[in-house]
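Written out below as structure tokens is the structure these notes cover.
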Amino acid sequence: MKLRTTVITLYVIAMSLCTSVHSNPRDYLERHDIHPIMTKMMGQHVEVRWMTPVILQRSLQEYIDQLDPGRLYLLQSEVDPYQNLSSEQLTSLLYDYKADNYRLFQELNSLAQRVILRAREYRQVLAAQMPELLQDSLEKGALTRGLPEDETVELPFARTEDELFQRHCDDFVRFISIQRLRVGDATLAKYEGRLVKLYDGRKSNAEREYLFLSEDGQRLDGKEREHYFVLHILKAMAGSLDAHSAFFDSAEAYDMRIRLEKGFQGIGVVLQESIEGVVITRLIDGGPAQRSGEILPNDRLVEVDGRSVVDDSFRAVLDLIRGDEGSSVVLGLKRLKKDDHGNETESFLRVTLRREKIVVSENRVDVDHRPVEGGIVGVIKLHSFYEGADGVSSEADVRRALKELHGIGHLQGLILDLRGNTGGFLVQSVKVAGLFITNGVIVVSKYGDGEERVFRDIDGYAYYDGPLVVLTSRASASAAEIVAQALQDYGAGVIVGDEQTYGKGSIQHQTVTNESSTSFFKVTVGRFYTVSGRSTQIRGVEADIVVPSSYHREPIGERFQDYALTTDRIHNLYVDDLADVDSSVRYWYKKYYLPSLQHRTAKWDPYLDELRAKSQARLAVNKEFQDFLKQSDEEYEALILAVSEERLDENTKDLQLEEGVLILQDMIDMRMTREGFVENGMLRGAKKGAAQGQ
């Protein structure tokens, strides 16, 4: 477990199908479920095929890490009995597992209950020290206090209760500092009394599952207590298999399903729990809330169906908003207005909305363009790799974006922005990469039993083949890395970004998009390799030209994860021998696929040294970029917070994108100078191919 992760705010789409994990007796987990679920996961895993003492030892550590990722609850002396067990203890633990006996996990849960109650006592003390802590936050900022100097090193458990209490103080001061950055001093002062409630509420939400308490503080019944006990064991065991295997409760699974399929049922609002209460931060395009014309961003939700929710937890508010498709909900909202003299007045309104199926168009593809001599350069930002109902997919959206740009003007160059794209469906990465080559192997997947599967682009069209920059960052992962490395392998584009991408070169099978699933998990089933035979595991995709992103100082990447798979490589497939293709269809491949096979080109290789030199020279004298690189810790934390919450000022320059455009312009100029022309970038077959996608 690594301590430091990017600060991400709690954005939740209000959805009607996402129900509590204990809302239906059929959803209850029981102890006898653990063994078959883990057997099923390990039966598919790329490396771990059965339960071993090593995995059980990891599971105990994972249970501890999931309980206390910030090292705020447990003392070193309290975790010592569960770390570095003897071989005899591990053998006994394996025997217990086979007998559905989870005594050590029961001990850990009892320990969790004790340390949570201790933490709650600490928070009561902190509440009494509020004035001093507010001043501490104002004077010191303290966004990074309490972290080890080397953020890639795990923070140890506290040795004494005094040290543990100080960590709680530091954590609360950090929380106040984040709220100050988020809302400003004036709003913080106005809602100062809610700071403790908000902080305590966020901690209590996670703690309740270990204490076996309901939202209103009542003790859960036996089946519900058993459910949460088993849930935490399954999460620990799944997480111990590797860095990306996981077990989900139904709420987590539904959230993941929405991100993959880009669709849900609800009213189309994005909510944030803040010091001001539950605030509507965004309206989903085309959703009931937006179409009503009555709801605005920053409206504060204070009532649901006539019931006040001011004192309710965030999760309870979401539960009230959810409901069946076609049903209605009445939202009570407060709105702050300022007159010409700066005086504030607050109004109240009620809005009735009907829940319906919504296709999410936001965070799919953003399209922009910049004028250049003789035409335009296009910018396509792809946020993830998704595939849902009604033809919604990454490939369709990118293909549509290319056609849109081609219609605007002479497309001289293109930027494909994959920064922050953390992946999605593997098949969609193959289809998106295939838009930029004619035919050829995109990726090879290799599974635990030695089976290999080859994924090809076979449509015979390159929808764009002109100057191409692929923008990446440390947060570009998985399917995004497949696209970036495949295009780098073929020489179709130049990679611009952080020194390397995330480094996730593994494939997960997930059950969350299967409506018939009775348990929700993802499990690492294989590794992937691009046409060069290279794996992105650990090493990521190395940039051709390094231009640091907002995440350049973040310890983000597979190499920082526990239980990460090792990296390797296979033979390249530039010459496709069709060895895996069934003999009944091999004739078709030979006749229609092989003649237009994309070959590895070095068209940009001769320019790379000069492109790098020009970029470095520009950045060296770019004061804004140099100021960005020299930001203080406080300034950098504020930037990361704003990026993660998607609330950058609209006037904030995207310095990495700006340099990417200049590099693209250099590519266009060099090609024009040395080859005497610039192509449009759209092949003859592309119009036909684009039309087929309408």
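By order of appearance in the structure tokens: chains A, B, ..., then residues from 1 within every chain, and ligands from 1 in the order shown.
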
All residues 12 Å or closer to A:Leu662, only C-alpha atoms, same chain fewer than 4 positions away omitted, as a list in words | Arg370, Val372, Val377, Gly413, Leu414, Ile415, Val469, Val496, Val547, Leu611, Arg612, Lys614, Ser615, Gln616, Ala617, Arg618, Leu619, Leu655, Gln656, Leu657, Glu658, Asp666, Met667, Ile668 and Asp669 of chain A

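Proximity to A:Val304 at 8 Å, evaluated using only C-alpha atoms and with sequence-adjacent residues fewer than 4 positions away removed, yields Ser308, Val309, Val317, Leu320, Ile321, Val329, Val330, Leu331 and Gly332 of chain A.
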
Using only C-alpha atoms, please write the residues we just selected to a file, as a PDB file, in the first residue's frame.
```pdb
ATOM      1  CA  SER A 308     -35.404  18.193   4.859  1.00  0.00           C
ATOM      2  CA  VAL A 309     -32.014  16.655   4.088  1.00  0.00           C
ATOM      3  CA  VAL A 317     -29.446  12.029   0.305  1.00  0.00           C
ATOM      4  CA  LEU A 320     -33.677   9.520  -1.385  1.00  0.00           C
ATOM      5  CA  ILE A 321     -33.067  10.806  -4.910  1.00  0.00           C
ATOM      6  CA  VAL A 329     -38.911  13.285  -7.331  1.00  0.00           C
ATOM      7  CA  VAL A 330     -39.330  16.816  -5.957  1.00  0.00           C
ATOM      8  CA  LEU A 331     -36.121  18.678  -5.147  1.00  0.00           C
ATOM      9  CA  GLY A 332     -36.074  21.601  -2.736  1.00  0.00           C
TER      10      GLY A 332
END
```

Which distance in Å separates atom CA of A:Gly533 and atom CA of A:Ile570, to one decimal?
->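 Distance between the two atoms: 4.6 Å.
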
Given only C-alpha atoms as the counted atoms, nearest of A:Glu261, A:Asp417, A:Glu387, A:Glu635 to A:Ala480 |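 Among A:Glu261, A:Asp417, A:Glu387, A:Glu635, it is A:Asp417 that comes nearest to A:Ala480.
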
Looking only at the backbone, which of the residues in stretch 190-364 of chain A does DSSP tag as alpha helix (DSSP H), as a PyMOL selection string?
-> chain A and resi 190+195-211+222-239+250-261+288-292+314-321

Would you kindly return, as a list in words, each protein, DNA or RNA residue with an atom no farther than 9 Å from any atom of A:Gly326, considering only C-alpha atoms and excluding same-chain residues fewer than 5 positions away?
->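 Listed by chain and then number, they are Arg354, Arg355, Glu356 and Lys357 of chain A.
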
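Our summary of the geometry notes that atom CA of A:Ala158 is positioned 27.1 Å from atom CA of A:Leu93.
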
If you count only C-alpha atoms, which residues fall within 9 Å of stretch 293-300 of chain A, apart from same-chain ones fewer than 3 positions away, as a list in words?
-> Glu276, Gly277, Val278, Val279, Ile280, Thr281, Arg282, Leu283, Ala289, Gln290, Gly332, Leu333, Lys334, Arg335, Leu336, Leu349 and Val351 of chain A
